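Heads up, target34.txt below (compact mmCIF, C-alpha atoms):
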# COMPACT_ATOMS: atom_id res chain seq x y z
CA MET D 1 124.88 111.76 98.85
CA ASP D 2 125.22 115.19 100.51
CA ILE D 3 123.17 116.73 97.70
CA LEU D 4 120.49 114.08 98.18
CA LYS D 5 120.39 114.74 101.93
CA THR D 6 120.09 118.47 101.31
CA LYS D 7 117.19 117.99 98.92
CA MET D 8 115.45 115.65 101.35
CA ALA D 9 115.89 118.10 104.22
CA ARG D 10 114.44 120.89 102.08
CA THR D 11 111.48 118.72 101.13
CA TRP D 12 110.79 117.80 104.75
CA MET D 13 111.00 121.47 105.80
CA ILE D 14 108.50 122.53 103.14
CA CYS D 15 106.16 119.66 104.03
CA GLY D 16 106.40 120.60 107.68
CA LEU D 17 105.41 124.19 106.95
CA LEU D 18 102.46 123.02 104.91
CA ALA D 19 101.35 120.65 107.63
CA ALA D 20 101.45 123.46 110.19
CA ALA D 21 98.94 125.58 108.28
CA PRO D 22 95.63 126.25 110.08
CA LEU D 23 92.85 123.74 109.47
CA MET D 24 89.15 124.39 109.05
CA VAL D 25 86.79 121.90 110.64
CA HIS D 26 84.10 122.50 108.02
CA ALA D 27 84.15 123.70 104.44
CA ALA D 28 81.37 126.08 103.51
CA VAL D 29 80.54 125.22 99.91
CA PRO D 30 81.76 122.46 97.61
CA GLU D 31 84.10 123.75 94.92
CA THR D 32 82.43 121.47 92.39
CA ALA D 33 79.49 119.11 92.28
CA ALA D 34 81.36 115.84 91.89
CA ALA D 35 78.86 113.34 90.55
CA PRO D 36 79.61 109.63 90.44
CA ALA D 37 80.59 108.20 87.08
CA THR D 38 77.55 106.90 85.22
CA ASN D 39 79.24 104.48 82.84
CA VAL D 40 81.15 102.43 85.39
CA SER D 41 81.67 98.76 84.68
CA PHE D 42 81.66 96.50 87.72
CA LYS D 43 83.11 93.51 85.89
CA PRO D 44 86.17 92.32 87.82
CA ALA D 45 88.54 92.83 84.88
CA ASP D 46 87.34 96.41 84.40
CA VAL D 47 87.50 97.19 88.11
CA MET D 48 91.05 95.86 88.22
CA ALA D 49 92.01 97.80 85.11
CA ILE D 50 91.28 101.18 86.69
CA THR D 51 92.75 100.03 90.00
CA GLU D 52 95.95 99.07 88.16
CA LYS D 53 95.92 102.47 86.46
CA VAL D 54 95.80 104.29 89.78
CA GLY D 55 98.45 101.98 91.22
CA ALA D 56 100.75 102.50 88.24
CA TYR D 57 100.49 106.29 88.53
CA GLN D 58 101.35 106.20 92.21
CA ILE D 59 104.25 103.78 91.81
CA ALA D 60 105.72 105.97 89.06
CA THR D 61 105.51 109.10 91.19
CA LEU D 62 106.92 107.25 94.19
CA ALA D 63 109.87 106.06 92.11
CA ALA D 64 110.45 109.60 90.90
CA GLY D 65 110.61 110.89 94.48
CA TRP D 66 107.61 113.15 93.96
CA ILE D 67 105.93 114.42 97.12
CA PRO D 68 102.32 115.58 96.70
CA PRO D 69 101.44 119.17 97.56
CA LYS D 70 100.03 119.73 101.05
CA ALA D 71 101.90 116.67 102.28
CA SER D 72 102.99 116.20 105.88
CA TRP D 73 106.60 116.42 106.98
CA ASP D 74 106.83 112.65 107.36
CA THR D 75 105.52 111.76 103.91
CA PRO D 76 109.03 110.94 102.57
CA ASP D 77 109.63 108.48 105.42
CA PRO D 78 109.82 104.95 103.90
CA LYS D 79 108.88 103.43 107.27
CA GLY D 80 106.15 105.92 108.15
CA TRP D 81 102.36 105.71 108.06
CA VAL D 82 101.79 107.77 104.91
CA GLN D 83 103.67 105.34 102.70
CA GLY D 84 102.90 102.42 105.02
CA ALA D 85 99.18 102.76 104.27
CA LEU D 86 99.99 102.70 100.56
CA PHE D 87 101.93 99.49 101.06
CA VAL D 88 98.96 97.85 102.77
CA GLY D 89 97.06 98.49 99.54
CA LEU D 90 99.97 97.17 97.51
CA THR D 91 99.80 93.86 99.36
CA ASP D 92 96.22 93.35 98.18
CA MET D 93 97.26 94.34 94.67
CA ALA D 94 100.02 91.74 94.79
CA ASP D 95 97.39 89.16 95.71
CA HIS D 96 95.13 90.13 92.79
CA SER D 97 97.38 91.18 89.91
CA ASP D 98 99.56 89.20 87.54
CA ASN D 99 101.95 92.14 87.44
CA PRO D 100 105.03 91.21 89.53
CA ILE D 101 105.82 94.84 90.27
CA TYR D 102 103.72 94.86 93.43
CA LYS D 103 105.49 91.94 95.04
CA ASP D 104 108.85 93.21 93.84
CA LEU D 105 108.17 96.63 95.34
CA ILE D 106 107.07 95.19 98.69
CA LEU D 107 110.20 93.03 98.91
CA ALA D 108 112.47 95.88 97.80
CA ARG D 109 110.99 98.23 100.39
CA GLY D 110 111.49 95.64 103.09
CA GLU D 111 115.13 95.19 102.16
CA ALA D 112 115.69 98.94 101.92
CA ASN D 113 114.15 99.34 105.39
CA LYS D 114 116.21 96.44 106.75
CA TRP D 115 112.78 95.07 107.76
CA GLU D 116 112.64 97.58 110.59
CA LEU D 117 109.68 99.56 111.85
CA GLY D 118 109.80 103.31 112.30
CA LYS D 119 111.94 104.95 114.95
CA ARG D 120 109.10 105.76 117.36
CA VAL D 121 108.92 102.47 119.25
CA TYR D 122 105.46 102.88 120.76
CA HIS D 123 103.78 104.97 118.09
CA ALA D 124 101.15 103.07 116.06
CA ASP D 125 101.93 105.05 112.91
CA ASP D 126 105.36 103.46 112.84
CA HIS D 127 103.89 99.95 113.03
CA VAL D 128 101.74 99.89 109.88
CA ILE D 129 104.65 99.19 107.52
CA GLY D 130 105.00 95.88 109.35
CA GLN D 131 101.86 94.62 107.61
CA SER D 132 103.77 94.56 104.33
CA TYR D 133 106.62 92.67 106.01
CA LEU D 134 104.16 90.05 107.23
CA TRP D 135 102.80 89.73 103.70
CA ALA D 136 106.33 89.25 102.36
CA VAL D 137 107.08 86.43 104.80
CA LYS D 138 103.74 84.79 104.06
CA HIS D 139 104.70 84.83 100.38
CA GLY D 140 108.15 83.38 100.53
CA ALA D 141 110.50 85.78 102.30
CA SER D 142 112.57 84.30 105.13
CA ALA D 143 110.93 84.30 108.56
CA ASP D 144 114.12 85.96 109.78
CA LYS D 145 112.84 89.17 108.21
CA LEU D 146 110.44 89.48 111.14
CA LYS D 147 113.20 89.57 113.76
CA PRO D 148 113.53 93.38 113.88
CA MET D 149 109.76 93.81 114.27
CA ARG D 150 109.62 91.15 116.96
CA ALA D 151 112.44 92.88 118.82
CA THR D 152 110.52 96.16 118.78
CA PHE D 153 107.27 94.59 119.92
CA ASP D 154 109.03 92.53 122.57
CA SER D 155 110.49 95.73 124.00
CA ILE D 156 106.97 97.16 124.23
CA LEU D 157 105.67 94.03 125.93
CA THR D 158 108.53 94.21 128.41
CA LYS D 159 107.64 97.78 129.32
CA PRO D 160 104.12 98.62 128.10
CA SER D 161 103.08 102.26 128.25
CA ASP D 162 100.47 103.26 130.79
CA VAL D 163 99.93 106.84 129.59
CA THR D 164 96.44 108.27 129.41
CA LEU D 165 94.23 107.71 126.37
CA ILE D 166 92.83 111.22 126.78
CA TYR D 167 94.42 114.17 125.03
CA PRO D 168 94.98 116.46 128.05
CA ALA D 169 95.33 119.58 125.90
CA GLU D 170 95.26 120.71 122.27
CA GLY D 171 98.33 119.36 120.49
CA ASP D 172 99.60 117.30 123.41
CA ALA D 173 100.95 114.11 121.82
CA ASN D 174 102.08 112.28 124.97
CA CYS D 175 99.20 109.83 124.73
CA THR D 176 100.39 108.54 121.37
CA ASP D 177 102.55 106.00 123.16
CA ARG D 178 99.19 104.19 123.21
CA TRP D 179 96.32 104.12 120.69
CA CYS D 180 94.62 107.32 121.80
CA TRP D 181 93.56 108.44 118.32
CA CYS D 182 91.29 106.37 116.13
CA ASP D 183 93.67 106.20 113.14
CA ALA D 184 95.88 103.94 115.26
CA LEU D 185 93.29 101.15 114.99
CA PHE D 186 94.25 100.71 111.34
CA MET D 187 97.97 101.20 111.81
CA ALA D 188 98.83 98.80 114.60
CA PRO D 189 96.37 96.02 115.61
CA ALA D 190 96.50 94.01 112.39
CA THR D 191 100.30 94.14 112.55
CA TRP D 192 100.38 92.84 116.10
CA ILE D 193 97.76 90.14 115.50
CA GLY D 194 99.40 89.16 112.21
CA LEU D 195 102.70 88.71 114.01
CA SER D 196 101.06 86.24 116.39
CA GLN D 197 99.76 84.33 113.37
CA ALA D 198 103.18 84.32 111.73
CA THR D 199 105.16 83.31 114.81
CA GLY D 200 102.72 81.32 116.93
CA ASP D 201 103.37 83.64 119.87
CA PRO D 202 99.97 84.67 121.31
CA ARG D 203 101.33 87.60 123.31
CA TYR D 204 101.21 90.04 120.40
CA ALA D 205 97.54 89.40 119.65
CA ALA D 206 96.66 89.56 123.34
CA PHE D 207 98.30 92.97 123.61
CA ALA D 208 96.55 94.25 120.49
CA LYS D 209 93.12 93.14 121.65
CA LYS D 210 93.59 94.68 125.10
CA GLU D 211 94.70 98.01 123.66
CA PHE D 212 92.01 98.03 120.96
CA TRP D 213 89.19 97.64 123.45
CA ALA D 214 90.76 100.22 125.76
CA THR D 215 90.63 102.71 122.87
CA TYR D 216 87.08 101.63 122.03
CA ASP D 217 85.97 102.35 125.59
CA VAL D 218 87.26 105.92 125.30
CA LEU D 219 86.56 106.99 121.71
CA TYR D 220 83.49 105.06 120.54
CA ASP D 221 80.18 106.94 120.67
CA LYS D 222 77.64 104.21 121.34
CA ASP D 223 74.75 106.44 120.33
CA GLU D 224 76.18 107.46 116.96
CA LYS D 225 78.02 104.17 116.33
CA LEU D 226 81.12 106.09 115.30
CA PHE D 227 84.56 106.84 116.70
CA TYR D 228 85.76 110.29 117.66
CA ARG D 229 89.15 111.02 116.20
CA ASP D 230 90.43 111.63 119.72
CA ALA D 231 89.17 112.98 123.04
CA ARG D 232 89.50 116.62 121.97
CA PHE D 233 86.41 116.17 119.79
CA PHE D 234 83.98 114.97 122.45
CA GLU D 235 82.37 118.38 122.88
CA ARG D 236 83.03 119.91 119.48
CA ARG D 237 80.07 120.58 117.23
CA GLY D 238 79.61 121.51 113.59
CA PRO D 239 77.75 124.57 112.26
CA ASN D 240 74.38 122.85 112.67
CA GLY D 241 75.11 121.52 116.12
CA GLU D 242 76.11 118.06 114.87
CA LYS D 243 78.87 116.01 116.46
CA VAL D 244 82.15 116.02 114.56
CA PHE D 245 83.15 112.60 113.25
CA TRP D 246 85.96 112.69 110.71
CA SER D 247 85.38 110.54 107.64
CA ARG D 248 88.94 109.32 107.19
CA GLY D 249 89.27 108.76 110.93
CA ASP D 250 86.30 106.40 111.03
CA GLY D 251 87.48 105.01 107.70
CA TRP D 252 90.75 104.03 109.34
CA VAL D 253 88.79 102.20 112.02
CA PHE D 254 86.35 100.46 109.68
CA ALA D 255 89.06 99.31 107.28
CA GLY D 256 91.17 98.40 110.30
CA LEU D 257 88.42 96.11 111.55
CA ALA D 258 88.41 94.31 108.21
CA ARG D 259 92.19 93.92 108.41
CA ILE D 260 91.91 92.60 111.98
CA LEU D 261 89.21 90.08 111.08
CA GLU D 262 91.31 88.95 108.13
CA VAL D 263 94.08 87.76 110.44
CA LEU D 264 92.16 86.94 113.64
CA PRO D 265 91.56 83.20 114.03
CA VAL D 266 87.95 82.11 113.58
CA ASP D 267 87.96 80.52 117.03
CA ASP D 268 89.44 83.54 118.81
CA PRO D 269 87.23 84.40 121.81
CA ASP D 270 87.27 88.11 120.89
CA ARG D 271 86.18 87.55 117.30
CA PRO D 272 82.41 87.78 117.94
CA ARG D 273 82.92 91.15 119.63
CA PHE D 274 84.97 92.46 116.70
CA VAL D 275 82.34 91.19 114.24
CA ALA D 276 79.54 92.83 116.22
CA LEU D 277 81.36 96.19 116.20
CA TYR D 278 82.13 95.85 112.50
CA LYS D 279 78.47 95.16 111.65
CA GLU D 280 77.24 97.96 113.89
CA MET D 281 79.53 100.45 112.17
CA ALA D 282 78.63 99.10 108.72
CA ALA D 283 74.94 99.81 109.28
CA LYS D 284 75.68 103.36 110.41
CA ILE D 285 78.09 103.98 107.55
CA LYS D 286 75.59 102.81 104.97
CA SER D 287 72.92 105.07 106.42
CA ILE D 288 74.99 108.28 106.05
CA GLN D 289 76.36 107.80 102.54
CA LEU D 290 75.71 110.85 100.36
CA ALA D 291 73.53 110.65 97.27
CA THR D 292 76.71 111.19 95.23
CA GLY D 293 78.17 107.96 96.60
CA TYR D 294 80.84 109.75 98.65
CA TRP D 295 80.96 110.12 102.39
CA ALA D 296 81.30 113.67 103.66
CA PRO D 297 84.59 114.76 105.30
CA SER D 298 82.51 115.44 108.42
CA LEU D 299 80.20 112.45 108.47
CA LEU D 300 77.17 114.09 110.05
CA ALA D 301 77.46 117.45 108.26
CA ASP D 302 74.75 118.89 106.06
CA PRO D 303 74.76 116.81 102.84
CA LYS D 304 73.91 119.90 100.78
CA THR D 305 77.28 121.49 101.54
CA ALA D 306 79.39 118.34 101.85
CA LEU D 307 82.54 118.08 99.77
CA PRO D 308 83.44 114.87 97.93
CA GLU D 309 86.31 113.04 99.63
CA THR D 310 87.96 109.81 98.50
CA SER D 311 90.14 108.51 101.32
CA GLY D 312 87.20 107.92 103.66
CA THR D 313 85.00 106.81 100.77
CA ALA D 314 87.59 104.27 99.66
CA PHE D 315 87.97 102.84 103.15
CA TYR D 316 84.20 102.47 103.53
CA THR D 317 83.79 100.95 100.08
CA TYR D 318 86.58 98.52 100.87
CA GLY D 319 85.20 97.61 104.27
CA LEU D 320 81.67 97.03 102.99
CA ALA D 321 82.83 95.00 99.99
CA TRP D 322 85.08 92.92 102.22
CA GLY D 323 82.14 92.11 104.48
CA VAL D 324 79.84 91.13 101.62
CA ARG D 325 82.50 88.91 100.04
CA ASN D 326 83.04 86.87 103.18
CA GLY D 327 79.37 86.70 104.17
CA THR D 328 79.55 88.98 107.20
CA LEU D 329 77.22 91.49 105.51
CA ASP D 330 74.10 90.79 103.46
CA ARG D 331 74.78 91.31 99.76
CA ALA D 332 71.32 92.60 98.88
CA GLU D 333 71.43 95.16 101.67
CA TYR D 334 74.93 96.49 101.10
CA GLU D 335 75.67 96.03 97.41
CA PRO D 336 73.93 99.29 96.38
CA ALA D 337 76.16 101.30 98.74
CA ILE D 338 79.25 99.54 97.38
CA ARG D 339 78.25 100.30 93.80
CA LYS D 340 77.62 103.96 94.63
CA GLY D 341 80.91 104.22 96.50
CA TRP D 342 82.95 102.66 93.71
CA SER D 343 81.25 104.83 91.08
CA ALA D 344 82.15 107.91 93.12
CA LEU D 345 85.76 106.78 93.44
CA VAL D 346 86.07 106.16 89.71
CA ALA D 347 84.79 109.69 89.05
CA ALA D 348 87.69 111.04 91.13
CA VAL D 349 90.39 109.37 89.01
CA HIS D 350 92.18 111.76 86.66
CA PRO D 351 92.84 110.66 83.07
CA ASP D 352 96.47 109.89 83.94
CA GLY D 353 95.55 107.72 86.92
CA LYS D 354 95.99 110.28 89.67
CA LEU D 355 93.40 109.91 92.41
CA GLY D 356 91.79 113.21 93.35
CA TYR D 357 89.70 114.51 96.25
CA VAL D 358 92.03 112.99 98.86
CA GLN D 359 91.88 115.23 101.92
CA PRO D 360 95.42 116.23 102.86
CA VAL D 361 97.00 115.07 106.10
CA SER D 362 94.91 116.26 109.02
CA ASP D 363 93.18 115.17 112.19
CA ARG D 364 89.70 116.52 111.38
CA PRO D 365 87.37 117.35 108.47
CA ASP D 366 88.94 119.89 106.15
CA ASN D 367 88.81 121.38 102.66
CA VAL D 368 89.60 119.08 99.73
CA GLY D 369 89.67 119.50 95.96
CA TYR D 370 89.86 117.50 92.75
CA ASP D 371 93.65 117.94 92.47
CA ASP D 372 94.40 116.85 96.04
CA THR D 373 96.07 113.46 96.33
CA GLN D 374 98.16 111.59 98.91
CA PHE D 375 99.78 108.15 99.15
CA TYR D 376 97.44 106.85 101.84
CA GLY D 377 94.39 107.72 99.74
CA VAL D 378 95.75 105.56 96.95
CA GLY D 379 96.38 102.76 99.42
CA ALA D 380 92.70 102.94 100.38
CA PHE D 381 91.68 103.00 96.71
CA LEU D 382 93.71 99.86 95.98
CA LEU D 383 92.00 98.10 98.87
CA ALA D 384 88.59 99.19 97.57
CA GLY D 385 89.29 98.16 93.99
CA THR D 386 90.53 94.70 94.84
CA ALA D 387 87.63 94.12 97.24
CA VAL D 388 85.04 95.26 94.68
CA ALA D 389 86.65 93.04 92.05
CA ASP D 390 86.31 90.09 94.44
CA LEU D 391 82.53 90.54 94.48
CA LYS D 392 82.37 89.59 90.79
CA LEU D 393 79.62 92.11 90.10
CA LYS D 394 78.13 92.62 86.66
Hey, can you dump this file as structure tokens for me?
Amino acid sequence: MDILKTKMARTWMICGLLAAAPLMVHAAVPETAAAPATNVSFKPADVMAITEKVGAYQIATLAAGWIPPKASWDTPDPKGWVQGALFVGLTDMADHSDNPIYKDLILARGEANKWELGKRVYHADDHVIGQSYLWAVKHGASADKLKPMRATFDSILTKPSDVTLIYPAEGDANCTDRWCWCDALFMAPATWIGLSQATGDPRYAAFAKKEFWATYDVLYDKDEKLFYRDARFFERRGPNGEKVFWSRGDGWVFAGLARILEVLPVDDPDRPRFVALYKEMAAKIKSIQLATGYWAPSLLADPKTALPETSGTAFYTYGLAWGVRNGTLDRAEYEPAIRKGWSALVAAVHPDGKLGYVQPVSDRPDNVGYDDTQFYGVGAFLLAGTAVADLKLK
């Protein structure tokens, strides 16, 4: 056990050093012209086959204890957001695949975690793993498994944070006791709203909706129809004077909206407002897709120098496909973008199932290459694959 702890500590130290490396807001020139695959089959069985391949690769590496290069210090955390986002994707795989490994893995992770959230009580990143717990209870696990999560959320409701939603200075993380960065809108709201659905207690959903719209009021650019990653980016501009909107950041939000609408009751008074925001973002997202099918790491950057990137692309492909499947988006209008996005994602899959072009952990657009992969990018890919399969394209 001491040897294991030593190895884990060494891994976390290395990951922390990597995460502390300087970040570039814009990459100058793509390292390769990543074209979308031209022979992609959109038949559900074929879509699921490559999605299973990517899932199998990631599960094998997870079981082996492998940590991707350029990972953050918290990547090994079984309750943290990096793996938590992967487990959100695994829940959709469990709903779509005959392979029992997905359900087994979700249940095993819950047991190993004692069904607890992460240690940071207020931090949204430590809430996302709860979405897999909710899935487990919905699919047969005892409702008692939700007690630790309820205890955590009840403690927040008893003493909600009133910190600012504005980053007061570079690197100041005090505001993360609330949802002051756009990634949080994927991590937490669907967990809170889902807990209301599972327990019948409306307080959790009420809190989530209040905090979501508070974040919207601060970070949403109503002219560009996109979210800033956080308040530090309000005045930042790219090399051509464009505003800086991070692809994965807005991907977190767009996919998060789909997850919210999945669990929000159809008669909820806030639902029309969520749908309106989702549709507004969908139109913008479709309009800025690159000719390659990817979305650029910096969404409004010059397309001629934009790198391919799969975590944002997967979240957008998922979100658009989800909307077409349930009738929120018009199929004829959005299907071409979904096809282009999925073709681009397939082109990024290595022969062994490794998903490439996943921008490493960051808070802004950054360099990314074919060999870059991370757990959360695979989680997004699994969401995209299952959603595309649901469309039953030919």
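Taking atom CA of D:Pro336 and atom CA of D:Lys286 as endpoints, the distance between them is 9.4 Å.
The interatomic distance for the pair atom CA of D:Asp270 and atom CA of D:Phe381 works out to 28.7 Å.
Nearest residue to D:Gly312, choosing from D:Ser155, D:Asn367, D:Ser298, D:Thr199 and counting only C-alpha atoms: D:Ser298.
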Original post:
Within 12 Å of D:Pro202, counting all atoms listed in the file, which residues qualify if same-chain residues fewer than 4 places away don't, as a count of residues only?
Top reply: 15
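With distances restricted to only C-alpha atoms, D:Thr386 is the closest residue to D:Trp342 from D:Gln359, D:Thr386, D:Thr152, D:Ser132.
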Subject >> Within 7 Å of stretch 214-222 of chain D using all atoms listed in the file, minus same-chain residues under 6 positions, as an NGL selection string >> reply: :D and (179-180 or 228 or 230-231)
Given only C-alpha atoms, how would the per-residue table for stretch 147-265 of chain D near stretch 291-295 of chain D read, listing every residue at most 10 Å away with its closest atom pair and distance in Å to one decimal, sorted by chain and number, as a tab-separated table?
residue	atom	partner	partner_atom	distance
D:Ser247	CA	D:Trp295	CA	6.9
D:Arg248	CA	D:Trp295	CA	9.3
D:Gly251	CA	D:Trp295	CA	9.8
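Distance-wise, atom CA of D:Arg232 and atom CA of D:Ala71 end up 23.3 Å apart.
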Subject >> Selection: 7 Å around D:Ala387, all atoms listed in the file, excl. self and same-chain fewer than 4 positions, as a ChimeraX atom specification >> reply: /D:318,321-322,383,391
Take the residues from that selection and put them in a file with C-alpha atoms, as an mmCIF file, keeping the file's coordinate frame.
data_model
loop_
_atom_site.group_PDB
_atom_site.id
_atom_site.type_symbol
_atom_site.label_atom_id
_atom_site.label_comp_id
_atom_site.auth_asym_id
_atom_site.auth_seq_id
_atom_site.Cartn_x
_atom_site.Cartn_y
_atom_site.Cartn_z
ATOM 1 C CA TYR D 318 86.580 98.520 100.870
ATOM 2 C CA ALA D 321 82.830 95.000 99.990
ATOM 3 C CA TRP D 322 85.080 92.920 102.220
ATOM 4 C CA LEU D 383 92.000 98.100 98.870
ATOM 5 C CA LEU D 391 82.530 90.540 94.480
#
**OP:** Between D:Tyr357, D:Tyr122, D:Phe212, D:Tyr133, single out the one closest to D:Asp177, counting only C-alpha atoms.
**Re:** D:Tyr122
Original post:
Counting all atoms listed in the file, which residues come within 7 Å of (93.7, 103.8, 91.2), with the point read in the file's coordinates, and could you list them as a list in words?
Top reply: Ile50, Thr51, Glu52, Lys53, Val54, Gly55, Val349, Gly353, Leu355, Val378, Phe381 and Leu382 of chain D
Since the input has fewer atoms than a full residue there, write stretch 214-222 of chain D out with all heavy atoms, as a PDB file, in the frame of the given file.
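Result file is selection_38.pdb:
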ATOM      1  N   ALA D 214      90.546  99.054 124.903  1.00  0.00           N
ATOM      2  CA  ALA D 214      90.760 100.220 125.760  1.00  0.00           C
ATOM      3  C   ALA D 214      90.454 101.507 124.975  1.00  0.00           C
ATOM      4  O   ALA D 214      89.801 102.430 125.488  1.00  0.00           O
ATOM      5  CB  ALA D 214      92.189 100.246 126.298  1.00  0.00           C
ATOM      6  N   THR D 215      90.908 101.561 123.724  1.00  0.00           N
ATOM      7  CA  THR D 215      90.630 102.710 122.870  1.00  0.00           C
ATOM      8  C   THR D 215      89.141 102.805 122.564  1.00  0.00           C
ATOM      9  O   THR D 215      88.548 103.892 122.586  1.00  0.00           O
ATOM     10  CB  THR D 215      91.440 102.612 121.563  1.00  0.00           C
ATOM     11  OG1 THR D 215      92.830 102.571 121.884  1.00  0.00           O
ATOM     12  CG2 THR D 215      91.163 103.792 120.649  1.00  0.00           C
ATOM     13  N   TYR D 216      88.531 101.675 122.271  1.00  0.00           N
ATOM     14  CA  TYR D 216      87.080 101.630 122.030  1.00  0.00           C
ATOM     15  C   TYR D 216      86.315 102.234 123.201  1.00  0.00           C
ATOM     16  O   TYR D 216      85.389 103.044 123.021  1.00  0.00           O
ATOM     17  CB  TYR D 216      86.665 100.184 121.801  1.00  0.00           C
ATOM     18  CG  TYR D 216      85.183  99.915 121.892  1.00  0.00           C
ATOM     19  CD1 TYR D 216      84.362 100.023 120.774  1.00  0.00           C
ATOM     20  CD2 TYR D 216      84.606  99.532 123.117  1.00  0.00           C
ATOM     21  CE1 TYR D 216      82.996  99.776 120.867  1.00  0.00           C
ATOM     22  CE2 TYR D 216      83.247  99.278 123.210  1.00  0.00           C
ATOM     23  CZ  TYR D 216      82.450  99.402 122.092  1.00  0.00           C
ATOM     24  OH  TYR D 216      81.099  99.152 122.193  1.00  0.00           O
ATOM     25  N   ASP D 217      86.679 101.871 124.401  1.00  0.00           N
ATOM     26  CA  ASP D 217      85.970 102.350 125.590  1.00  0.00           C
ATOM     27  C   ASP D 217      86.027 103.866 125.714  1.00  0.00           C
ATOM     28  O   ASP D 217      85.104 104.491 126.249  1.00  0.00           O
ATOM     29  CB  ASP D 217      86.549 101.715 126.848  1.00  0.00           C
ATOM     30  CG  ASP D 217      86.166 100.249 127.005  1.00  0.00           C
ATOM     31  OD1 ASP D 217      85.173  99.819 126.379  1.00  0.00           O
ATOM     32  OD2 ASP D 217      86.876  99.530 127.744  1.00  0.00           O
ATOM     33  N   VAL D 218      87.090 104.475 125.192  1.00  0.00           N
ATOM     34  CA  VAL D 218      87.260 105.920 125.300  1.00  0.00           C
ATOM     35  C   VAL D 218      86.648 106.665 124.119  1.00  0.00           C
ATOM     36  O   VAL D 218      85.943 107.670 124.285  1.00  0.00           O
ATOM     37  CB  VAL D 218      88.753 106.284 125.447  1.00  0.00           C
ATOM     38  CG1 VAL D 218      88.962 107.796 125.385  1.00  0.00           C
ATOM     39  CG2 VAL D 218      89.315 105.723 126.745  1.00  0.00           C
ATOM     40  N   LEU D 219      86.872 106.194 122.906  1.00  0.00           N
ATOM     41  CA  LEU D 219      86.560 106.990 121.710  1.00  0.00           C
ATOM     42  C   LEU D 219      85.277 106.608 120.990  1.00  0.00           C
ATOM     43  O   LEU D 219      84.819 107.373 120.135  1.00  0.00           O
ATOM     44  CB  LEU D 219      87.730 106.894 120.710  1.00  0.00           C
ATOM     45  CG  LEU D 219      89.083 107.435 121.183  1.00  0.00           C
ATOM     46  CD1 LEU D 219      90.094 107.369 120.052  1.00  0.00           C
ATOM     47  CD2 LEU D 219      88.952 108.861 121.705  1.00  0.00           C
ATOM     48  N   TYR D 220      84.680 105.489 121.288  1.00  0.00           N
ATOM     49  CA  TYR D 220      83.490 105.060 120.540  1.00  0.00           C
ATOM     50  C   TYR D 220      82.233 105.700 121.132  1.00  0.00           C
ATOM     51  O   TYR D 220      81.975 105.598 122.334  1.00  0.00           O
ATOM     52  CB  TYR D 220      83.355 103.553 120.577  1.00  0.00           C
ATOM     53  CG  TYR D 220      82.283 102.998 119.646  1.00  0.00           C
ATOM     54  CD1 TYR D 220      82.387 103.174 118.267  1.00  0.00           C
ATOM     55  CD2 TYR D 220      81.196 102.291 120.152  1.00  0.00           C
ATOM     56  CE1 TYR D 220      81.424 102.655 117.417  1.00  0.00           C
ATOM     57  CE2 TYR D 220      80.241 101.761 119.307  1.00  0.00           C
ATOM     58  CZ  TYR D 220      80.355 101.943 117.936  1.00  0.00           C
ATOM     59  OH  TYR D 220      79.404 101.429 117.088  1.00  0.00           O
ATOM     60  N   ASP D 221      81.470 106.364 120.288  1.00  0.00           N
ATOM     61  CA  ASP D 221      80.180 106.940 120.670  1.00  0.00           C
ATOM     62  C   ASP D 221      79.116 105.887 120.422  1.00  0.00           C
ATOM     63  O   ASP D 221      78.751 105.611 119.273  1.00  0.00           O
ATOM     64  CB  ASP D 221      79.911 108.203 119.861  1.00  0.00           C
ATOM     65  CG  ASP D 221      78.671 108.953 120.323  1.00  0.00           C
ATOM     66  OD1 ASP D 221      77.620 108.299 120.511  1.00  0.00           O
ATOM     67  OD2 ASP D 221      78.739 110.186 120.471  1.00  0.00           O
ATOM     68  N   LYS D 222      78.583 105.311 121.486  1.00  0.00           N
ATOM     69  CA  LYS D 222      77.640 104.210 121.340  1.00  0.00           C
ATOM     70  C   LYS D 222      76.282 104.654 120.822  1.00  0.00           C
ATOM     71  O   LYS D 222      75.499 103.821 120.341  1.00  0.00           O
ATOM     72  CB  LYS D 222      77.495 103.480 122.678  1.00  0.00           C
ATOM     73  CG  LYS D 222      78.778 102.778 123.116  1.00  0.00           C
ATOM     74  CD  LYS D 222      78.623 102.050 124.437  1.00  0.00           C
ATOM     75  CE  LYS D 222      79.921 101.377 124.836  1.00  0.00           C
ATOM     76  NZ  LYS D 222      79.819 100.678 126.146  1.00  0.00           N
TER      77      LYS D 222
END
